[in-house]
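Enquirer: Sharing work.tsv here; it has TSV, C-alpha atoms.
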chain	number	residue	atom	x	y	z
A	1	THR	CA	10.94	-10.27	-13.48
A	2	ALA	CA	9.10	-7.16	-12.33
A	3	ASP	CA	11.29	-6.74	-9.22
A	4	GLY	CA	12.20	-3.09	-8.87
A	5	LEU	CA	9.99	-1.92	-11.75
A	6	LEU	CA	8.54	1.49	-10.89
A	7	PHE	CA	5.10	1.06	-12.53
A	8	ASN	CA	3.43	-1.61	-14.62
A	9	ASP	CA	2.52	0.95	-17.30
A	10	ALA	CA	5.77	1.27	-19.24
A	11	ASP	CA	7.15	1.55	-22.77
A	12	VAL	CA	9.98	-1.00	-23.01
A	13	VAL	CA	12.81	-0.49	-25.50
A	14	VAL	CA	16.08	-2.35	-26.09
A	15	GLY	CA	19.38	-0.69	-26.90
A	16	PRO	CA	22.82	-1.87	-28.02
A	17	GLU	CA	24.29	-4.87	-26.19
A	18	GLY	CA	20.82	-5.81	-24.95
A	19	VAL	CA	20.36	-2.94	-22.48
A	20	VAL	CA	16.65	-2.77	-21.60
A	21	TRP	CA	14.90	0.45	-20.62
A	22	ALA	CA	11.38	0.97	-19.27
A	23	VAL	CA	9.88	4.45	-19.66
A	24	HIS	CA	6.96	4.81	-17.28
A	25	THR	CA	3.67	6.62	-17.27
A	26	GLY	CA	2.67	6.29	-13.66
A	27	PRO	CA	0.33	7.99	-11.19
A	28	ALA	CA	1.46	11.34	-9.78
A	29	GLU	CA	0.80	9.97	-6.31
A	30	PRO	CA	1.79	6.28	-6.37
A	31	GLU	CA	0.56	5.66	-2.83
A	32	ARG	CA	-2.99	6.07	-4.12
A	33	ALA	CA	-2.36	3.09	-6.36
A	34	GLY	CA	-0.98	1.09	-3.44
A	35	LEU	CA	2.64	1.53	-4.53
A	36	ASP	CA	5.34	1.88	-1.88
A	37	VAL	CA	7.52	4.30	-3.86
A	38	GLU	CA	8.23	7.98	-3.80
A	39	PRO	CA	5.92	10.19	-5.92
A	40	VAL	CA	7.18	10.73	-9.48
A	41	PRO	CA	5.18	13.61	-10.98
A	42	THR	CA	5.81	12.88	-14.68
A	43	GLY	CA	6.73	9.21	-14.78
A	44	GLY	CA	10.31	7.92	-14.71
A	45	ILE	CA	12.70	5.41	-16.25
A	46	SER	CA	14.17	2.09	-15.12
A	47	GLN	CA	17.03	-0.07	-16.43
A	48	TYR	CA	17.27	-3.85	-16.36
A	49	ASP	CA	20.64	-5.36	-15.38
A	50	GLY	CA	19.76	-8.97	-16.14
A	51	SER	CA	18.23	-9.79	-12.76
A	52	ALA	CA	16.26	-6.77	-11.50
A	53	TRP	CA	15.08	-3.31	-12.48
A	54	THR	CA	16.79	-0.17	-11.15
A	55	THR	CA	15.06	3.20	-11.23
A	56	ILE	CA	17.36	6.00	-12.36
A	57	PRO	CA	16.96	8.93	-9.92
A	58	ASP	CA	16.23	12.45	-11.17
A	59	VAL	CA	15.56	11.24	-14.72
A	60	SER	CA	11.99	11.46	-15.97
A	61	GLY	CA	10.22	10.55	-19.18
A	62	GLN	CA	6.57	9.92	-19.94
A	63	GLY	CA	4.15	8.58	-22.53
A	64	ARG	CA	4.84	6.38	-25.52
A	65	GLY	CA	7.39	6.62	-28.30
A	66	ALA	CA	10.72	5.98	-26.51
A	67	ALA	CA	13.58	4.68	-28.66
A	68	VAL	CA	17.29	3.97	-28.31
A	69	ALA	CA	19.75	5.52	-30.78
A	70	PRO	CA	22.69	3.51	-32.20
A	71	ASP	CA	25.04	5.24	-29.72
A	72	GLY	CA	22.95	3.91	-26.82
A	73	THR	CA	21.21	7.19	-25.94
A	74	LEU	CA	17.64	6.71	-24.76
A	75	TRP	CA	15.31	9.28	-26.37
A	76	MET	CA	11.82	9.77	-24.95
A	77	PRO	CA	8.96	12.24	-24.65
A	78	SER	CA	8.66	14.18	-21.41
A	79	SER	CA	6.91	17.20	-19.95
A	80	HIS	CA	9.88	19.21	-21.27
A	81	GLY	CA	9.67	17.92	-24.83
A	82	VAL	CA	11.95	15.22	-26.25
A	83	VAL	CA	14.86	14.39	-23.94
A	84	GLY	CA	17.80	12.01	-24.19
A	85	PHE	CA	19.67	10.07	-21.49
A	86	ASP	CA	23.03	8.41	-22.16
A	87	GLY	CA	23.27	6.77	-18.75
A	88	THR	CA	24.87	9.81	-17.14
A	89	ASP	CA	23.66	13.09	-18.63
A	90	MET	CA	20.29	14.39	-19.81
A	91	THR	CA	19.94	16.47	-22.99
A	92	GLN	CA	16.86	18.25	-24.26
A	93	LEU	CA	15.92	18.38	-27.94
A	94	THR	CA	14.94	21.92	-28.91
A	95	ILE	CA	13.81	23.56	-32.14
A	96	ASP	CA	15.41	26.80	-33.31
A	97	ALA	CA	12.53	28.97	-34.57
A	98	ASP	CA	14.81	30.76	-37.07
A	99	THR	CA	16.50	27.76	-38.65
A	100	ASP	CA	14.08	24.90	-37.95
A	101	ALA	CA	17.09	22.93	-36.68
A	102	ALA	CA	16.64	20.45	-33.87
A	103	THR	CA	19.61	20.38	-31.51
A	104	ALA	CA	20.51	18.11	-28.63
A	105	GLY	CA	23.86	18.88	-27.06
A	106	SER	CA	26.46	18.84	-29.81
A	107	ALA	CA	24.36	16.67	-32.12
A	108	SER	CA	22.37	18.41	-34.85
A	109	ILE	CA	19.41	17.10	-36.85
A	110	THR	CA	18.15	19.24	-39.73
A	111	LEU	CA	14.38	19.31	-40.13
A	112	THR	CA	12.53	20.38	-43.25
A	113	PRO	CA	10.22	23.33	-42.49
A	114	ALA	CA	6.55	22.45	-42.08
A	115	PRO	CA	4.40	21.27	-43.65
A	116	ASP	CA	6.97	19.12	-45.53
A	117	VAL	CA	8.77	17.48	-42.63
A	118	ASP	CA	10.29	14.01	-42.41
A	119	PRO	CA	10.58	12.31	-39.03
A	120	VAL	CA	13.80	11.33	-37.34
A	121	ARG	CA	14.08	7.55	-37.78
A	122	VAL	CA	15.50	5.37	-35.02
A	123	THR	CA	15.87	1.64	-35.72
A	124	THR	CA	15.94	-0.91	-32.92
A	125	THR	CA	16.63	-4.64	-33.40
A	126	VAL	CA	15.11	-7.17	-31.01
A	127	GLY	CA	16.06	-10.74	-31.90
A	128	ASP	CA	15.00	-11.34	-35.50
A	129	PHE	CA	12.75	-8.25	-35.59
A	130	GLU	CA	13.71	-4.74	-36.62
A	131	PHE	CA	11.54	-1.83	-35.48
A	132	THR	CA	11.64	1.72	-36.81
A	133	THR	CA	10.36	4.52	-34.60
A	134	LEU	CA	9.37	7.75	-36.37
A	135	GLN	CA	9.97	10.79	-34.16
A	136	PHE	CA	8.24	13.91	-35.44
A	137	PRO	CA	9.16	17.36	-34.09
A	138	PRO	CA	6.78	19.12	-31.65
A	139	GLY	CA	3.58	20.31	-33.32
A	140	HIS	CA	3.54	17.50	-35.88
A	141	GLY	CA	1.99	14.63	-33.95
A	142	PHE	CA	-0.37	12.55	-36.07
A	143	TRP	CA	-4.04	12.39	-35.12
A	144	GLN	CA	-5.19	9.72	-37.53
A	145	VAL	CA	-3.77	7.62	-40.37
A	146	GLU	CA	-5.83	5.97	-43.13
A	147	ALA	CA	-4.96	3.79	-46.12
A	148	THR	CA	-6.04	4.75	-49.64
A	149	PRO	CA	-5.37	3.30	-53.13
A	150	HIS	CA	-2.61	5.94	-53.36
A	151	GLY	CA	-0.82	5.26	-50.09
A	152	PHE	CA	-1.28	6.54	-46.56
A	153	VAL	CA	-2.93	9.81	-45.56
A	154	ALA	CA	-2.94	11.48	-42.16
A	155	ILE	CA	-3.80	14.67	-40.30
A	156	ASP	CA	-1.53	16.21	-37.71
A	157	ASP	CA	-1.19	18.88	-35.04
A	158	SER	CA	-0.05	21.49	-37.55
A	159	THR	CA	-3.49	21.35	-39.26
A	160	SER	CA	-2.01	19.68	-42.32
A	161	LEU	CA	-3.10	16.83	-44.56
A	162	ARG	CA	-0.14	14.52	-45.08
A	163	TRP	CA	0.47	11.60	-47.41
A	164	SER	CA	3.12	8.94	-47.88
A	165	SER	CA	3.69	5.95	-50.16
A	166	ASP	CA	5.87	4.08	-47.64
A	167	GLY	CA	4.83	5.41	-44.23
A	168	VAL	CA	8.26	6.97	-43.66
A	169	HIS	CA	8.59	9.92	-46.05
A	170	TRP	CA	5.68	12.35	-45.76
A	171	GLU	CA	4.53	15.33	-47.79
A	172	GLY	CA	1.82	17.71	-46.71
A	173	ILE	CA	-0.37	20.73	-47.37
A	174	PRO	CA	-2.27	22.98	-44.95
A	175	VAL	CA	-6.03	22.40	-44.69
A	176	PRO	CA	-8.69	25.12	-44.34
A	177	VAL	CA	-10.49	23.48	-41.41
A	178	ASP	CA	-9.48	22.57	-37.88
A	179	PRO	CA	-9.10	18.82	-38.49
A	180	TRP	CA	-9.85	16.06	-36.06
A	181	ARG	CA	-11.02	13.25	-38.32
A	182	LEU	CA	-10.19	11.87	-41.73
A	183	THR	CA	-12.42	9.79	-44.00
A	184	ALA	CA	-11.08	7.97	-47.07
A	185	ALA	CA	-13.56	7.44	-49.91
A	186	GLY	CA	-11.95	5.84	-52.96
A	187	ASP	CA	-9.88	8.43	-54.80
A	188	ASP	CA	-11.12	11.12	-52.41
A	189	VAL	CA	-10.25	12.05	-48.84
A	190	ILE	CA	-12.48	14.17	-46.61
A	191	VAL	CA	-10.90	16.18	-43.81
A	192	HIS	CA	-13.50	17.17	-41.24
A	193	GLY	CA	-13.33	18.79	-37.85
A	194	ARG	CA	-14.69	21.48	-35.60
A	195	ASP	CA	-15.49	24.04	-38.27
A	196	GLY	CA	-16.54	22.19	-41.41
A	197	ALA	CA	-15.11	19.77	-43.95
A	198	ALA	CA	-13.09	19.80	-47.17
A	199	ARG	CA	-12.77	17.20	-49.91
A	200	TYR	CA	-9.45	16.28	-51.55
A	201	THR	CA	-8.81	14.29	-54.75
A	202	TRP	CA	-5.66	12.48	-55.86
A	203	ASN	CA	-4.13	14.26	-58.88
A	204	GLY	CA	-1.46	11.69	-59.67
A	205	THR	CA	1.29	13.14	-57.48
A	206	GLY	CA	-0.53	14.43	-54.41
A	207	TRP	CA	-3.84	15.47	-52.88
A	208	GLU	CA	-5.52	18.72	-53.84
A	209	GLU	CA	-8.65	20.38	-52.49
A	210	THR	CA	-11.55	20.00	-54.93
A	211	ALA	CA	-14.53	21.09	-52.84
A	212	ARG	CA	-15.47	22.75	-49.58
A	213	LEU	CA	-18.45	20.84	-48.22
A	214	ASP	CA	-21.54	22.78	-47.25
A	215	LEU	CA	-21.19	21.94	-43.57
A	216	THR	CA	-20.47	24.04	-40.50
A	217	GLY	CA	-19.67	23.23	-36.90
A	218	ILE	CA	-18.32	19.93	-35.65
A	219	VAL	CA	-18.48	17.15	-38.26
A	220	GLU	CA	-18.03	13.91	-36.35
A	221	TRP	CA	-18.92	11.26	-38.93
A	222	ILE	CA	-19.27	11.38	-42.68
A	223	ALA	CA	-19.88	8.63	-45.25
A	224	PHE	CA	-20.02	8.63	-49.07
A	225	GLY	CA	-21.71	6.03	-51.25
A	226	PRO	CA	-23.77	5.44	-54.39
A	227	LYS	CA	-26.73	7.31	-52.85
A	228	GLY	CA	-24.72	10.43	-51.96
A	229	ALA	CA	-23.37	11.34	-48.54
A	230	VAL	CA	-24.48	11.71	-44.93
A	231	ALA	CA	-22.80	13.63	-42.12
A	232	VAL	CA	-23.30	13.72	-38.36
A	233	SER	CA	-22.95	16.65	-35.99
A	234	GLY	CA	-24.03	15.62	-32.51
A	235	THR	CA	-27.58	14.28	-32.80
A	236	THR	CA	-28.19	16.00	-36.14
A	237	MET	CA	-28.05	13.98	-39.35
A	238	SER	CA	-27.46	15.79	-42.66
A	239	PHE	CA	-27.55	14.38	-46.16
A	240	ALA	CA	-26.38	15.43	-49.62
A	241	PRO	CA	-27.50	13.52	-52.73
A	242	ASP	CA	-24.64	15.13	-54.68
A	243	GLY	CA	-22.10	14.68	-51.88
A	244	LEU	CA	-21.55	18.44	-51.61
A	245	ARG	CA	-24.67	20.39	-50.62
A	246	PHE	CA	-25.98	19.12	-47.28
A	247	ARG	CA	-29.32	19.70	-45.61
A	248	THR	CA	-30.87	18.38	-42.41
A	249	ALA	CA	-32.57	14.99	-42.62
A	250	GLU	CA	-36.37	15.08	-42.41
A	251	GLN	CA	-36.40	12.18	-39.94
A	252	GLY	CA	-33.02	11.30	-38.52
A	253	PRO	CA	-32.15	8.78	-35.79
A	254	SER	CA	-33.75	10.13	-32.63
A	255	LYS	CA	-33.85	9.46	-28.91
A	256	ASP	CA	-37.59	10.18	-29.03
A	257	LEU	CA	-38.33	7.13	-31.18
A	258	PRO	CA	-38.74	3.71	-29.48
A	259	GLN	CA	-35.46	2.35	-28.17
A	260	ALA	CA	-34.49	-1.17	-27.25
A	261	GLY	CA	-32.92	-2.29	-24.02
A	262	ALA	CA	-34.11	0.50	-21.71
A	263	SER	CA	-35.46	-0.65	-18.37
A	264	PRO	CA	-38.19	1.32	-16.50
A	265	GLU	CA	-35.47	2.58	-14.15
A	266	GLY	CA	-33.31	3.69	-17.04
A	267	ASP	CA	-30.54	1.32	-15.97
A	268	LEU	CA	-28.77	-0.34	-18.87
A	269	LEU	CA	-25.80	-2.68	-19.01
A	270	PRO	CA	-24.60	-2.26	-15.42
A	271	ASP	CA	-21.75	-4.73	-16.06
A	272	ILE	CA	-20.40	-2.94	-19.13
A	273	ALA	CA	-18.30	-0.37	-17.21
A	274	ALA	CA	-15.13	-2.44	-17.37
A	275	GLY	CA	-15.47	-2.59	-21.14
A	276	GLY	CA	-15.48	1.19	-21.45
A	277	CYS	CA	-19.12	1.89	-22.31
A	278	ASP	CA	-20.58	2.93	-18.98
A	279	GLY	CA	-17.41	4.82	-18.15
A	280	GLY	CA	-17.07	6.46	-21.56
A	281	PHE	CA	-16.45	10.16	-22.03
A	282	VAL	CA	-18.79	12.88	-23.27
A	283	GLY	CA	-17.52	14.17	-26.59
A	284	GLU	CA	-16.37	17.79	-26.73
A	285	GLY	CA	-19.16	20.04	-27.94
A	286	VAL	CA	-21.52	17.14	-28.42
A	287	GLY	CA	-23.98	18.10	-25.67
A	288	PRO	CA	-26.75	15.49	-25.57
A	289	GLY	CA	-24.67	12.91	-27.40
A	290	SER	CA	-23.98	11.75	-30.91
A	291	ILE	CA	-25.18	9.50	-33.69
A	292	GLY	CA	-22.54	7.30	-35.21
A	293	PRO	CA	-20.62	5.70	-36.70
A	294	VAL	CA	-22.39	5.96	-40.07
A	295	LEU	CA	-21.88	3.63	-43.03
A	296	ALA	CA	-22.61	3.91	-46.75
A	297	THR	CA	-23.88	0.77	-48.48
A	298	THR	CA	-25.07	-0.08	-51.98
A	299	GLU	CA	-28.68	0.24	-50.79
A	300	GLY	CA	-28.35	3.43	-48.73
A	301	PHE	CA	-26.93	4.27	-45.32
A	302	VAL	CA	-26.65	2.68	-41.86
A	303	ALA	CA	-26.16	4.51	-38.56
A	304	LEU	CA	-25.39	3.15	-35.11
A	305	THR	CA	-26.68	4.52	-31.81
A	306	ALA	CA	-26.49	3.20	-28.27
A	307	SER	CA	-29.56	1.23	-27.15
A	308	HIS	CA	-30.28	3.53	-24.24
A	309	PRO	CA	-30.68	7.28	-24.94
A	310	ASP	CA	-28.57	8.10	-21.88
A	311	ASP	CA	-25.63	6.31	-23.51
A	312	TRP	CA	-25.63	8.41	-26.67
A	313	ASN	CA	-22.94	10.67	-25.22
A	314	ARG	CA	-20.61	7.81	-24.33
A	315	THR	CA	-18.07	5.86	-26.26
A	316	PRO	CA	-17.67	3.10	-27.31
A	317	SER	CA	-21.23	2.49	-28.46
A	318	CYS	CA	-23.12	0.25	-26.01
A	319	GLU	CA	-25.35	-2.49	-27.44
A	320	PRO	CA	-25.70	-0.45	-30.64
A	321	LEU	CA	-28.95	-0.40	-32.56
A	322	LEU	CA	-28.98	0.00	-36.34
A	323	TRP	CA	-30.87	2.67	-38.27
A	324	PHE	CA	-31.34	2.42	-42.04
A	325	SER	CA	-32.10	4.97	-44.73
A	326	THR	CA	-32.32	4.60	-48.48
A	327	ASP	CA	-31.83	8.32	-49.15
A	328	GLY	CA	-30.13	9.76	-46.05
A	329	SER	CA	-33.19	11.85	-45.19
A	330	THR	CA	-35.66	9.37	-43.64
A	331	TRP	CA	-34.28	6.95	-41.05
A	332	ASN	CA	-35.93	4.01	-39.31
A	333	LEU	CA	-34.79	1.44	-36.78
A	334	SER	CA	-33.97	-1.86	-38.45
A	335	GLY	CA	-34.78	-3.82	-35.28
A	336	ASN	CA	-35.44	-3.41	-31.57
A	337	THR	CA	-32.44	-5.43	-30.40
A	338	SER	CA	-28.75	-5.02	-31.07
A	339	PRO	CA	-27.39	-7.40	-33.73
A	340	PHE	CA	-24.09	-7.39	-31.82
A	341	GLY	CA	-25.64	-9.10	-28.82
A	342	GLU	CA	-26.27	-8.43	-25.17
A	343	ASN	CA	-23.61	-6.41	-23.31
A	344	ALA	CA	-21.70	-5.81	-26.55
A	345	PHE	CA	-19.83	-2.62	-27.33
A	346	VAL	CA	-18.50	-1.47	-30.71
A	347	SER	CA	-15.39	0.70	-30.80
A	348	SER	CA	-14.78	1.12	-34.52
A	349	ILE	CA	-16.06	0.08	-37.95
A	350	THR	CA	-14.29	0.10	-41.29
A	351	GLU	CA	-15.07	-1.10	-44.83
A	352	ARG	CA	-13.20	-2.53	-47.78
A	353	ASP	CA	-14.62	-3.81	-51.06
A	354	GLY	CA	-18.13	-3.99	-49.61
A	355	ARG	CA	-17.16	-5.93	-46.47
A	356	PHE	CA	-17.71	-4.13	-43.15
A	357	VAL	CA	-15.65	-5.07	-40.09
A	358	ALA	CA	-16.54	-3.93	-36.56
A	359	ILE	CA	-14.31	-4.35	-33.52
A	360	GLY	CA	-15.28	-4.19	-29.86
A	361	GLY	CA	-16.10	-6.63	-27.11
A	362	VAL	CA	-18.71	-8.15	-24.82
A	363	GLY	CA	-19.05	-7.22	-21.16
A	364	PRO	CA	-15.69	-6.36	-19.65
A	365	GLN	CA	-13.77	-8.23	-22.35
A	366	ALA	CA	-12.52	-6.66	-25.56
A	367	GLY	CA	-11.36	-8.65	-28.57
A	368	ARG	CA	-14.57	-9.32	-30.52
A	369	VAL	CA	-14.84	-8.88	-34.31
A	370	TRP	CA	-18.05	-8.82	-36.37
A	371	VAL	CA	-18.37	-8.79	-40.17
A	372	SER	CA	-21.20	-7.78	-42.48
A	373	ASP	CA	-21.80	-7.49	-46.21
A	374	ASP	CA	-24.69	-5.02	-45.97
A	375	GLY	CA	-24.16	-3.16	-42.69
A	376	LEU	CA	-27.36	-4.62	-41.23
A	377	THR	CA	-26.71	-8.34	-40.72
A	378	TRP	CA	-23.67	-9.04	-38.55
Please render this file's structure as structure tokens.
Expert:
Amino acid sequence: TADGLLFNDADVVVGPEGVVWAVHTGPAEPERAGLDVEPVPTGGISQYDGSAWTTIPDVSGQGRGAAVAPDGTLWMPSSHGVVGFDGTDMTQLTIDADTDAATAGSASITLTPAPDVDPVRVTTTVGDFEFTTLQFPPGHGFWQVEATPHGFVAIDDSTSLRWSSDGVHWEGIPVPVDPWRLTAAGDDVIVHGRDGAARYTWNGTGWEETARLDLTGIVEWIAFGPKGAVAVSGTTMSFAPDGLRFRTAEQGPSKDLPQAGASPEGDLLPDIAAGGCDGGFVGEGVGPGSIGPVLATTEGFVALTASHPDDWNRTPSCEPLLWFSTDGSTWNLSGNTSPFGENAFVSSITERDGRFVAIGGVGPQAGRVWVSDDGLTW
């Protein structure tokens, strides 16, 4: 039952003896959402007694990542950092800057100094399933995780490249750029962000920097293949036959070239808003928008752009068109209609062993998957 539940948006966790907690992320002013409850500025928590939910007064958590410790204490993120609630008292997890020790009341958890830091592991059993929640200290939240032939790699808030063979124990090294994306390319990993990109190679025991790519500014997409590499910064496409020294493409994907799907009034996909396209956000520092994603194939490179030029600065990509280049320098539209179909949006694309997989949806509905063996026919 939902009787007594504060908000629908909640992270539900189960503790010892079947105690169920719901940690909410709700509106600051619930009455605006039509909820007849008192305002809760940073969320709140509720407990289920077997028949109805009861909101615990003066206890507030927020966001995702709540977990219950073996002693029954509910740990959760909040506006004050990580806090715990044992049913009666609240405790706040703090980091001692001199000792790197995390303390909560009388309990003490020793943390390895950054960048080599292991998370606190909390295991919760629900029926036949066992879940492990990894709780990293403040400043070590992961931005992105990718799989490589040598295990998992990730970037985090402490501007580090991290790797793990099991997803639990992580090692790391600082990176020379302000990272916000990670691209895996065989035995190499490229960390790119707001001020350039660096390439790392597996040395048998870890990842080491082998090259600083000749790129500056925001690097949003990058792809490596048999024909070299391409990189995207906003609406600028760069290419590097050797994968290191980049220069601007002679004819990149452009809003000035003929586009498909644009009506005389400039109105495109009016029903796509619920799917996220029409209501997408403008990327930071992107300005007029962005090309991408970009793919590397055996024959060259493929880039996606929204059908309508006005949608280039929105995400996910609305009714994406495909551009093809054999060398990364000269790009041409491969067709004047989207191969993904009318009202389709593409959120992400990945590749493995030559097979590309795109995920997205059609109209207001998500949950559509497309596959391709060449990046052009889906």
Enquirer: Name the residues, using the chain letters and numbers of the file, that sit within 8 Å of (-8.6, 14.6, -41.7) when counting only C-alpha atoms, and give them as a VMD selection string.
Expert: chain A and resid 144 154 to 155 161 179 to 183 189 to 193
Enquirer: Find, counting all atoms listed in the file, the residue in A:Ser334, A:Gly252, A:Glu342, A:Ala66 that gets nearest to Thr377 in chain A.
Expert: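 Checking each candidate against Thr377 in chain A, we get A:Ser334 as the closest.
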Enquirer: Could you state the separation of CA of Glu319 in chain A and CA of Arg368 in chain A in Å, given to one decimal place?
Expert: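 One can read the CA of Glu319 in chain A to CA of Arg368 in chain A distance as 13.1 Å.
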Enquirer: Could you state the separation of CA of Gly363 in chain A and CA of Pro316 in chain A in Å, given to one decimal place?
Expert: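 Pair CA of Gly363 in chain A / CA of Pro316 in chain A returns 12.1 Å.
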Enquirer: Within 10 Å of Leu295 in chain A, counting all atoms listed in the file, which residues show up once you throw out same-chain ones fewer than 3 positions away? Write them as an MDAnalysis selection string, please.
Expert: chainID A and resid 221:225 229:230 292 300:304 324 349:351 356 374:375
Enquirer: Which one is closest to Gly87 in chain A: A:Ser165, A:Ser160, A:Thr123, A:Gln47? Count only C-alpha atoms.
Expert: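 So, comparing all the options, the nearest one is A:Gln47.
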Enquirer: Taking (-12.8, -2.6, -49.4) in the file's coordinates, which residues come within 12 Å, counting all atoms listed in the file, written as a PDB file with C-alpha atoms, in the coordinates of the input?
Expert:
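Listing of result-v3.pdb after writing:
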ATOM      1  CA  ALA A 147      -4.960   3.790 -46.120  1.00  0.00           C
ATOM      2  CA  THR A 148      -6.040   4.750 -49.640  1.00  0.00           C
ATOM      3  CA  PRO A 149      -5.370   3.300 -53.130  1.00  0.00           C
ATOM      4  CA  ALA A 184     -11.080   7.970 -47.070  1.00  0.00           C
ATOM      5  CA  ALA A 185     -13.560   7.440 -49.910  1.00  0.00           C
ATOM      6  CA  GLY A 186     -11.950   5.840 -52.960  1.00  0.00           C
ATOM      7  CA  THR A 297     -23.880   0.770 -48.480  1.00  0.00           C
ATOM      8  CA  THR A 350     -14.290   0.100 -41.290  1.00  0.00           C
ATOM      9  CA  GLU A 351     -15.070  -1.100 -44.830  1.00  0.00           C
ATOM     10  CA  ARG A 352     -13.200  -2.530 -47.780  1.00  0.00           C
ATOM     11  CA  ASP A 353     -14.620  -3.810 -51.060  1.00  0.00           C
ATOM     12  CA  GLY A 354     -18.130  -3.990 -49.610  1.00  0.00           C
ATOM     13  CA  ARG A 355     -17.160  -5.930 -46.470  1.00  0.00           C
ATOM     14  CA  PHE A 356     -17.710  -4.130 -43.150  1.00  0.00           C
ATOM     15  CA  VAL A 357     -15.650  -5.070 -40.090  1.00  0.00           C
ATOM     16  CA  ASP A 373     -21.800  -7.490 -46.210  1.00  0.00           C
TER      17      ASP A 373
END
Enquirer: Name the closest residue to Trp21 in chain A among the candidates A:Ser51, A:Lys255, A:Val68, A:Asp3; distances are taken between atoms, counting only C-alpha atoms.
Expert: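 Among A:Ser51, A:Lys255, A:Val68, A:Asp3, it is A:Val68 that comes nearest to Trp21 in chain A.
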Enquirer: Write out as a list in words each polymer residue whose atoms come within 6 Å of Gly84 in chain A, counting only C-alpha atoms; drop sequence neighbours fewer than 5 positions from it.
Expert: Leu74, Trp75, Met90 and Thr91 of chain A
Enquirer: What's the separation between CA of Ser233 in chain A and CA of Ile359 in chain A, in Å to one decimal place?
Expert: 22.8 Å
Enquirer: Rank A:Val219, A:Ala22, A:Ala67, A:Asn336 by their smallest atom-to-atom distance to Trp53 in chain A, using all atoms listed in the file, and report the top residue only.
Expert: A:Ala22
Enquirer: If we count all atoms listed in the file, what is near Ala240 in chain A at a cut-off of 10 Å, once residues fewer than 3 positions away on the same chain are taken out, given as a ChimeraX atom specification?
Expert: /A:213-214,224,227-231,243-249,327-329
